[in-house]
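The data block below is final10.txt; it holds compact mmCIF, C-alpha atoms and all ligand atoms.
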```
# COMPACT_ATOMS: atom_id res chain seq x y z
CA PRO V 229 44.97 3.03 38.80
CA VAL V 230 41.78 5.08 38.94
CA GLN V 231 39.35 3.84 41.58
CA ARG V 232 36.88 6.69 41.57
CA ILE V 233 35.65 9.26 39.06
CA ASP V 234 33.30 12.08 40.04
CA ILE V 235 31.61 14.32 37.45
CA VAL V 236 29.81 17.58 38.26
CA SER V 237 27.45 19.06 35.66
CA ILE V 238 24.14 20.93 35.32
CA PHE V 239 23.19 18.21 32.82
CA PRO V 240 23.95 14.96 34.69
CA GLU V 241 21.71 13.05 32.26
CA TYR V 242 24.40 13.65 29.63
CA PHE V 243 26.35 10.87 31.32
CA ALA V 244 23.78 8.10 31.05
CA PRO V 245 25.86 6.56 28.18
CA LEU V 246 28.65 5.87 30.66
CA GLY V 247 26.45 3.10 32.05
CA LEU V 248 26.79 1.31 28.72
CA SER V 249 29.73 -0.56 27.24
CA LEU V 250 33.25 -0.18 28.49
CA VAL V 251 32.84 2.14 31.45
CA GLY V 252 29.62 0.40 32.45
CA LYS V 253 31.38 -2.97 32.56
CA ALA V 254 34.26 -1.56 34.59
CA VAL V 255 31.83 -0.10 37.11
CA ALA V 256 29.74 -3.29 37.22
CA SER V 257 32.89 -5.34 37.84
CA GLY V 258 33.71 -3.10 40.79
CA LEU V 259 36.93 -1.97 39.10
CA LEU V 260 36.00 1.64 39.65
CA ALA V 261 33.18 3.91 40.77
CA VAL V 262 31.77 6.63 38.55
CA ASP V 263 29.44 9.11 40.23
CA VAL V 264 27.67 11.95 38.45
CA HIS V 265 26.43 14.96 40.42
CA ASP V 266 24.06 17.81 39.59
CA LEU V 267 25.72 21.15 40.38
CA ARG V 268 22.29 22.54 41.29
CA ASP V 269 22.26 20.28 44.36
CA TRP V 270 24.62 22.89 45.83
CA THR V 271 22.35 25.88 45.20
CA HIS V 272 19.94 27.18 47.84
CA ASP V 273 17.65 29.61 46.04
CA ARG V 274 14.22 28.79 44.63
CA HIS V 275 15.49 28.97 41.04
CA ARG V 276 18.61 26.91 41.79
CA THR V 277 20.71 29.63 40.17
CA VAL V 278 24.18 28.65 38.89
CA ASP V 279 25.06 31.65 36.69
CA ASP V 280 25.15 35.44 36.72
CA THR V 281 26.34 38.38 34.57
CA PRO V 282 30.09 38.89 34.04
CA TYR V 283 32.02 41.56 35.98
CA GLY V 284 33.62 43.90 33.45
CA GLY V 285 30.64 43.47 31.15
CA GLY V 286 30.45 41.49 27.94
CA ALA V 287 27.95 39.07 26.51
CA GLY V 288 26.83 35.83 28.11
CA MET V 289 26.81 34.55 31.66
CA VAL V 290 29.40 33.23 34.07
CA MET V 291 29.01 30.26 36.43
CA LYS V 292 28.82 31.48 40.03
CA PRO V 293 31.63 30.39 42.40
CA GLU V 294 29.50 29.43 45.41
CA PRO V 295 27.82 26.28 44.03
CA TRP V 296 31.15 25.01 42.66
CA GLY V 297 32.90 25.73 45.95
CA GLU V 298 30.29 23.79 47.90
CA ALA V 299 30.31 20.92 45.39
CA LEU V 300 34.09 20.57 45.73
CA ASP V 301 33.84 20.84 49.53
CA ALA V 302 31.40 17.93 49.46
CA LEU V 303 33.30 15.75 46.98
CA VAL V 304 36.97 16.31 47.80
CA ASP V 305 38.44 14.02 50.47
CA PRO V 306 41.39 15.97 51.91
CA GLU V 307 43.08 12.64 52.67
CA GLN V 308 42.93 11.66 49.01
CA PRO V 309 42.31 14.75 46.87
CA PRO V 310 41.44 14.11 43.20
CA VAL V 311 42.98 15.63 40.13
CA LEU V 312 40.41 18.25 39.08
CA VAL V 313 40.01 18.13 35.30
CA VAL V 314 38.23 21.02 33.58
CA PRO V 315 37.64 20.94 29.82
CA THR V 316 37.90 24.44 28.36
CA PRO V 317 38.77 25.93 24.97
CA SER V 318 41.54 27.84 26.76
CA GLY V 319 43.21 24.77 28.21
CA VAL V 320 46.41 22.88 27.41
CA PRO V 321 45.94 20.19 24.74
CA PHE V 322 44.53 16.90 26.02
CA THR V 323 46.79 14.09 24.82
CA GLN V 324 47.17 10.34 25.16
CA ALA V 325 50.08 11.09 27.47
CA LEU V 326 47.71 12.95 29.81
CA ALA V 327 45.20 10.09 29.57
CA HIS V 328 47.97 7.68 30.67
CA GLU V 329 48.98 9.99 33.51
CA TRP V 330 45.42 10.25 34.80
CA ALA V 331 44.83 6.48 34.51
CA HIS V 332 47.31 6.13 37.37
CA GLU V 333 45.51 8.63 39.61
CA PRO V 334 43.32 7.03 42.33
CA ARG V 335 40.73 9.81 42.01
CA LEU V 336 39.59 12.11 39.21
CA LEU V 337 36.98 14.87 39.40
CA PHE V 338 35.66 16.31 36.15
CA ALA V 339 34.02 19.76 36.21
CA CYS V 340 31.71 20.64 33.32
CA GLY V 341 31.62 24.36 32.57
CA ARG V 342 28.85 26.05 30.63
CA TYR V 343 28.04 29.56 29.38
CA GLU V 344 31.17 31.76 29.19
CA GLY V 345 32.90 29.71 31.83
CA ILE V 346 33.29 29.17 35.56
CA ASP V 347 34.34 32.08 37.83
CA ALA V 348 38.13 31.88 37.77
CA ARG V 349 38.36 31.98 41.56
CA VAL V 350 36.91 28.47 41.72
CA MET V 351 40.06 27.03 40.12
CA ASP V 352 42.31 29.39 42.08
CA HIS V 353 40.78 28.16 45.32
CA ALA V 354 40.80 24.53 44.16
CA ARG V 355 44.54 24.75 43.50
CA THR V 356 45.07 25.28 47.25
CA ARG V 357 43.84 21.70 47.88
CA MET V 358 44.22 19.63 44.70
CA GLN V 359 45.90 19.52 41.30
CA VAL V 360 43.87 21.37 38.66
CA ARG V 361 44.18 20.59 34.96
CA GLU V 362 42.46 22.91 32.49
CA VAL V 363 42.55 21.01 29.18
CA SER V 364 41.35 21.55 25.63
CA LEU V 365 40.12 18.79 23.31
CA GLY V 366 40.59 20.92 20.24
CA ASP V 367 40.31 24.35 18.72
CA TYR V 368 36.56 24.64 18.58
CA VAL V 369 33.93 25.76 21.07
CA LEU V 370 31.24 23.55 22.60
CA ASN V 371 28.34 24.82 24.70
CA GLY V 372 29.63 22.95 27.71
CA GLY V 373 32.16 20.48 29.01
CA GLU V 374 29.92 17.40 29.10
CA VAL V 375 30.83 16.04 25.65
CA ALA V 376 34.52 16.66 26.34
CA VAL V 377 34.29 14.82 29.68
CA LEU V 378 32.64 11.81 27.98
CA ALA V 379 35.59 11.67 25.58
CA MET V 380 38.22 12.03 28.29
CA VAL V 381 36.58 9.49 30.60
CA GLU V 382 36.57 6.95 27.75
CA ALA V 383 40.21 7.73 26.88
CA VAL V 384 41.27 7.23 30.52
CA VAL V 385 39.10 4.30 31.57
CA ARG V 386 40.11 2.15 28.57
CA LEU V 387 43.69 2.32 29.88
CA ILE V 388 42.86 0.91 33.31
CA PRO V 389 44.23 -2.66 33.59
CA GLY V 390 41.43 -5.22 33.38
CA VAL V 391 38.88 -2.87 31.85
CA ILE V 392 38.96 -4.09 28.26
CA GLY V 393 40.84 -7.28 28.97
CA ASN V 394 43.95 -5.28 28.22
CA PRO V 395 47.26 -6.55 29.67
CA GLU V 396 47.49 -6.17 33.41
CA SER V 397 49.77 -3.18 33.15
CA LEU V 398 49.43 0.36 31.93
CA VAL V 399 51.69 -0.35 29.01
CA GLU V 400 52.82 2.88 27.41
CA GLU V 401 51.36 2.85 23.90
CA SER V 402 51.99 5.53 21.31
CA TYR V 403 48.79 7.49 21.02
CA ALA V 404 46.41 6.89 18.13
CA GLU V 405 49.28 6.30 15.73
CA GLY V 406 51.16 3.48 14.24
CA GLN V 407 54.88 3.42 14.71
CA ASP V 408 57.18 6.31 15.56
CA GLY V 409 54.57 9.00 16.06
CA LEU V 410 53.01 8.55 12.61
CA LEU V 411 49.36 8.12 11.74
CA GLU V 412 47.87 4.65 11.37
CA TYR V 413 47.96 2.99 7.92
CA PRO V 414 44.65 2.05 6.17
CA VAL V 415 43.15 -1.30 7.19
CA TYR V 416 41.19 -3.92 5.21
CA THR V 417 39.26 -7.12 5.80
CA LYS V 418 37.19 -9.64 3.72
CA PRO V 419 35.92 -9.65 1.04
CA ALA V 420 39.04 -9.18 -1.11
CA SER V 421 36.91 -7.53 -3.77
CA TRP V 422 34.05 -5.22 -2.82
CA ARG V 423 32.01 -3.08 -5.21
CA GLY V 424 34.83 -3.39 -7.71
CA LEU V 425 37.38 -2.21 -5.14
CA GLU V 426 40.29 -4.55 -4.45
CA VAL V 427 42.37 -4.95 -1.29
CA PRO V 428 45.99 -3.87 -2.06
CA PRO V 429 47.57 -7.12 -3.35
CA VAL V 430 50.63 -6.77 -1.11
CA LEU V 431 48.37 -7.48 1.88
CA LEU V 432 47.37 -10.84 0.38
CA SER V 433 50.95 -11.74 -0.53
CA GLY V 434 51.90 -13.34 2.77
CA ASP V 435 55.21 -11.48 2.52
CA HIS V 436 55.35 -9.86 5.97
CA GLY V 437 58.42 -7.80 5.11
CA LYS V 438 56.64 -6.32 2.13
CA VAL V 439 53.49 -5.75 4.17
CA ASP V 440 55.44 -3.89 6.86
CA ALA V 441 57.19 -1.75 4.25
CA TRP V 442 53.88 -0.95 2.54
CA ARG V 443 52.25 -0.03 5.87
CA ARG V 444 55.13 2.25 6.81
CA GLU V 445 54.91 4.02 3.47
CA GLN V 446 51.18 4.44 3.92
CA SER V 447 51.68 5.87 7.42
CA LEU V 448 54.25 8.33 6.10
CA ASP V 449 52.11 9.42 3.14
CA ARG V 450 49.10 9.90 5.39
CA THR V 451 51.05 11.81 8.00
CA ARG V 452 52.59 14.11 5.39
CA ALA V 453 49.13 14.80 3.97
CA ARG V 454 47.12 15.14 7.19
CA ARG V 455 49.47 15.92 10.07
CA PRO V 456 52.70 17.54 8.83
CA ASP V 457 53.07 18.87 12.37
CA LEU V 458 53.74 15.33 13.58
CA LEU V 459 56.51 14.98 11.01
CA ALA V 460 58.21 18.11 12.30
CA ALA V 461 58.43 16.32 15.63
CA GLU V 462 59.57 13.16 13.85
CA GLY V 463 62.09 14.83 11.59
CA ALA V 464 64.43 11.87 11.90
CA VAL V 465 61.77 9.48 10.65
CA ALA V 466 61.00 11.59 7.58
CA ASP V 467 64.66 11.61 6.64
CA ALA V 468 64.94 7.90 7.17
CA SER V 469 62.13 7.08 4.70
C1 LIG V 501 37.81 27.08 33.81
O1 LIG V 501 37.11 26.35 32.80
C2 LIG V 501 35.93 26.85 32.34
O2 LIG V 501 35.49 27.92 32.72
C3 LIG V 501 35.23 25.99 31.33
O3 LIG V 501 34.10 26.70 30.78
C4 LIG V 501 33.55 26.25 29.59
C5 LIG V 501 32.65 27.08 28.94
C6 LIG V 501 32.06 26.66 27.75
C7 LIG V 501 32.37 25.40 27.20
C8 LIG V 501 33.27 24.57 27.87
C9 LIG V 501 33.56 23.21 27.32
O4 LIG V 501 34.83 23.09 26.74
C10 LIG V 501 34.92 23.34 25.37
O5 LIG V 501 34.07 23.95 24.75
C11 LIG V 501 36.13 22.82 24.73
C12 LIG V 501 37.10 22.05 25.33
N1 LIG V 501 38.03 21.79 24.38
N2 LIG V 501 37.70 22.39 23.23
C13 LIG V 501 36.53 23.04 23.42
C14 LIG V 501 33.86 24.99 29.08
```

Output the file's structure in the form of structure tokens.
Amino acid sequence: PVQRIDIVSIFPEYFAPLGLSLVGKAVASGLLAVDVHDLRDWTHDRHRTVDDTPYGGGAGMVMKPEPWGEALDALVDPEQPPVLVVPTPSGVPFTQALAHEWAHEPRLLFACGRYEGIDARVMDHARTRMQVREVSLGDYVLNGGEVAVLAMVEAVVRLIPGVIGNPESLVEESYAEGQDGLLEYPVYTKPASWRGLEVPPVLLSGDHGKVDAWRREQSLDRTRARRPDLLAAEGAVADAS
């Protein structure tokens, strides 16, 4: 499983929350090391410059290759190269399957882009010495990769055996859904009546068969309403309802 995570950013303070909760506990227990680095540590000019204007023109700025190249030189152990993960709107979709895959990697290095992006040659050069994964968290644009890296680190670290007292194996779980690639059903707890709203009686019936049937129906209804794309993939399930 993952033993070491490195993060490179011009806003390292963004990652203070990692010291809390889940990831914090895992680090404290020695399960893994998480080190955050300031990209500007690999600049040499008085202004610690990390960006410049884009070749070919256009608005915005591009992150210079030199600081990134030197940061990777310093952080990548050729004996045990990390998977380099770069959040970007133009990446492949980040999925629970990818989170599982990365949870098995001994080392991960997350690169936080800003501005219009990182000079493309940085990833081209990185590919000569490590696996590079440009991934998207969704079809929207953030100002930088930091928030995306926080999300991905949480998604990966929670899968590491022993981190949240989870079973000692990276059991393959279907991502964020209930059964068969459908969305989770609605959940309830005490009190049975709250502000005039009742818990669905079937859930108080003690009839587990009925409860399971009700939950499946709820998952199907929700998936049809919110994620018809998942049903396309689960055609068989839809027919079986
Ligand atoms: C090669 O990679 C790069 O150059 C990355 O550069 C950037 C530039 C701006 C913002 C980001 C952060 O990612 C997202 O906005 C994002 C990811 N998922 N959905 C939105 C990254």

Within 10 Å of Ile233 (chain V) using only C-alpha atoms, minus same-chain residues under 2 positions, as a list in words: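 The residues satisfying every condition are Val230, Gln231, Ile235, Leu260, Ala261, Val262, Asp263, Val264, Pro310, Val311, Glu333, Pro334, Arg335, Leu336, Leu337, Phe338, Val381 and Val385 of chain V.
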
Contacts with ligand LIG 501 (chain V) at most 9 Å, all atoms listed in the file counted, listed as number ranges by chain: V: 290-291, 314-322, 339-348, 350-351, 362-377

Who sits within 9 Å of Val391 (chain V), all atoms listed in the file, same chain under 5 positions skipped, as an MDAnalysis selection string: chainID V and resid 250:251 253:254 257 259 385:386

Writing out the chosen residues with C-alpha atoms as a PDB file, in the coordinates of the input:
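Once everything was written out, this is out_14.pdb:
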```pdb
ATOM      1  CA  LEU V 250      33.250  -0.180  28.490  1.00  0.00           C
ATOM      2  CA  VAL V 251      32.840   2.140  31.450  1.00  0.00           C
ATOM      3  CA  LYS V 253      31.380  -2.970  32.560  1.00  0.00           C
ATOM      4  CA  ALA V 254      34.260  -1.560  34.590  1.00  0.00           C
ATOM      5  CA  SER V 257      32.890  -5.340  37.840  1.00  0.00           C
ATOM      6  CA  LEU V 259      36.930  -1.970  39.100  1.00  0.00           C
ATOM      7  CA  VAL V 385      39.100   4.300  31.570  1.00  0.00           C
ATOM      8  CA  ARG V 386      40.110   2.150  28.570  1.00  0.00           C
TER       9      ARG V 386
END
```

Length of the CA of Leu267 (chain V) to CA of Trp296 (chain V) vector [Å]: 7.0 Å

Interatomic distance, CA of Ala302 (chain V) to CA of Glu382 (chain V) (Å, one decimal):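 Separation between CA of Ala302 (chain V) and CA of Glu382 (chain V): 24.9 Å.
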
Selected residue, from V:Arg268, V:Arg361, V:His328, V:Arg355, that lies nearest to Ala299 (chain V) when counting only C-alpha atoms: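 Checking each of V:Arg268, V:Arg361, V:His328, V:Arg355 against Ala299 (chain V), counting only C-alpha atoms, the winner is V:Arg268.
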
Nearest to Glu294 (chain V), chosen from V:His272, V:Ala460, V:Leu378, V:Arg452, with all atoms listed in the file counted in the distances: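 Of V:His272, V:Ala460, V:Leu378, V:Arg452, the one nearest Glu294 (chain V) is V:His272, counting all atoms listed in the file.
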
d(CA of Tyr416 (chain V), CA of Pro428 (chain V)) in Å: 8.7 Å

Residue contacts of Arg455 (chain V) (10 Å, only C-alpha atoms) excluding same-chain residues fewer than 6 positions away, as an MDAnalysis selection string: chainID V and resid 410:411 448:449

Top pick for closest residue to Gln359 (chain V), considering V:Leu312, V:Asp266, V:Ser237, V:Val427 and counting all atoms listed in the file: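 That would be V:Leu312, the residue with the smallest distance to Gln359 (chain V).
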
Residue among V:Leu425, V:Ala453, V:Ala256, V:Val236 lying closest to Asp269 (chain V), counting all atoms listed in the file: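 Ranking V:Leu425, V:Ala453, V:Ala256, V:Val236 by distance to Asp269 (chain V), first place goes to V:Val236.
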